[in-house]
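Engineer: Quick one: structure below, then a few questions.
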Amino acid sequence: MNRDESGNDTLPESLTDAVAAFLHYLSAARRHSPHTREGYQRDLTRLMHWAVAQSPPVDQWEQLTVADVRRYAATLNRDGLSGRSIARALSAIRRFYDYLIREYRVRRNPALDVRAPKSGRRLPVAADADQLGHLLDARPEGPLEVRDLAIFELFYSSGLRLSELTGLDLNHLDLRSGEVRVLGKGSRERVLPVGRKAGKALRDWLALRPAMAATGEPAVFVSQRGNRLSARSVQQRLDRWGRHHGADQHLHPHLLRHSFASHLLESSGDLRAVQELLGHADIATTQVYTHLDFQHLARVYDDAHPRARRKKPLATERPTPTRTE
């Protein structure tokens with residue numbers, strides 16, 4: 001194997017030429033974006049460096065075996081890559097070998113039956129209810145903060161996704177009945193309750209909105225320029241609110257949606273209702289929130305269940321002495 005001027009090992013052309021041809025195929029024939037091609041290149045380059053470091057080194061793609069790919073996946077796992085990242089790397093290898101087989105460069109795909117380890121599911125983060133109450137009780141300063149407070153309240157009151165909030169039009173709100181109609185994932189529409197304080201914050205904003213909104217603009221939340229507020233602007237304004245009013249964690253839309261779900265589930269215990277409010281098609285998606293109140297439920301169980309309660313010793317009881325041999 002050759003070395004470059006800095007003394008580092010260079011990759012054999014027998015490996016790199018095939019990868020270059022594959023990347024050209026993705027661009028010319030498949031019309032993949034530069035970003036997608038960069039991802040494939042990154043994954044395959046890492047594989048090449050691993051392959052040439054083996055003993056004996058792999059310098060032909062035909063030499064790579066199923067056992068090699070399994071060992072490679074295990075190496076990625078030991079290096080700290082998530083199951084999702086390993087699955088993406090294996091997918092790139094499978095796709096690459098499919099191309100090599102079509103081009104008669106190899107006869108088999110060694111990554112075909114190799115699967116990545118399952119990732120541990122990321123658990124949602126919920127804010128402390130008292131701190132959220134403190135942040136929501138802060139007095140807005142000026143029209144933009146009146147708007148921001150209405151956004152803040154609506155996220156926490158109704159558990160909206162960011163895209164659902166930015167997509168709200170005036171005819172989606174019915175503050176008289178305390179409802180908001182949103183279009184969620186898969187174009188599924190649902191009607192959500194709007195809490196009393198969120199309703200007040202929205203009325204305060206709607207009283208100021210005409211002076212800011214462009215003529216004919218249907219969006220509930222508009223920018224200083226009068227058009228629909230972007231998702232990025234909402235994220236920035238929530239972060240600003242949190243920093244300005246002393247939040248001890250980054251304030252963002254997902255945090256408020258998670259907090260809505262977690263606090264509601266803690267109070268009601270009704271998983272199906274929370275599923276409907278969040279707009280989850282599968283209740284398994286909602287069940288991730290059940291871990292959040294497990295310690296509270298465990299304490300209730302210990303205090304309430306007749307087979308879990310610890311019997312308190314009577315004042316006259318003495319511990320039984322241990323016999324010694």
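All residue names refer to the structure tokens as shown: chains lettered A, B, ... in order, residues numbered from 1 in each chain, ligands numbered from 1 in order.
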Name the residues in contact with Leu206 of chain A at a cut-off of 9 Å, using only C-alpha atoms, excluding same-chain residues fewer than 6 positions from it; report them as number ranges by chain.
Structural biologist: A: 147, 220-221
Engineer: Using only C-alpha atoms, determine which residues lie at most 7 Å from Gly178 of chain A, disregarding the query and same-chain residues fewer than 2 positions distant; provide the list as a PyMOL selection string.
Structural biologist: chain A and resi 174-176+193-195+199
Engineer: Taking the chain letters and numbering used in this document, name the residues of segment 159-242 of chain A that DSSP puts in strand (DSSP E or B), as a list in words.
Structural biologist: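 The strand (DSSP E or B) subset of segment 159-242 of chain A is Asp169, Leu173, Asp174, Glu179, Val180, Arg181, Val182, Leu183, Glu189, Arg190, Val191, Leu192, Pro193, Ala219, Val222 and Arg228 of chain A.
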Engineer: Compile the contact shell of segment 101-108 of chain A as an MDAnalysis selection string: residues with an atom at most 7 Å away, counting only C-alpha atoms, same-chain residues fewer than 3 positions apart removed.
Structural biologist: chainID A and resid 62 97:98
Engineer: For the selection you just gave me, I'd like the residues written to a file as a compact mmCIF listing (two decimals), in the first residue's frame, keeping N, CA, C and O atoms.
Structural biologist:
```txt
# COMPACT_ATOMS: atom_id res chain seq x y z
N GLU A 62 -14.37 -7.57 -4.14
CA GLU A 62 -14.83 -8.95 -4.16
C GLU A 62 -14.39 -9.71 -2.90
O GLU A 62 -15.01 -10.69 -2.50
N TYR A 97 -22.91 -2.20 -3.37
CA TYR A 97 -22.71 -3.54 -3.91
C TYR A 97 -23.77 -3.90 -4.95
O TYR A 97 -23.49 -4.66 -5.90
N ASP A 98 -24.97 -3.41 -4.78
CA ASP A 98 -25.98 -3.62 -5.83
C ASP A 98 -25.49 -3.05 -7.16
O ASP A 98 -25.66 -3.65 -8.22
```
Engineer: List every residue of segment 110-230 of chain A that DSSP, applied to the backbone, labels as helix (DSSP H, G or I), and write the result as a PyMOL selection string.
Structural biologist: chain A and resi 129-136+143-158+162-166+170-172+185-187+196-211
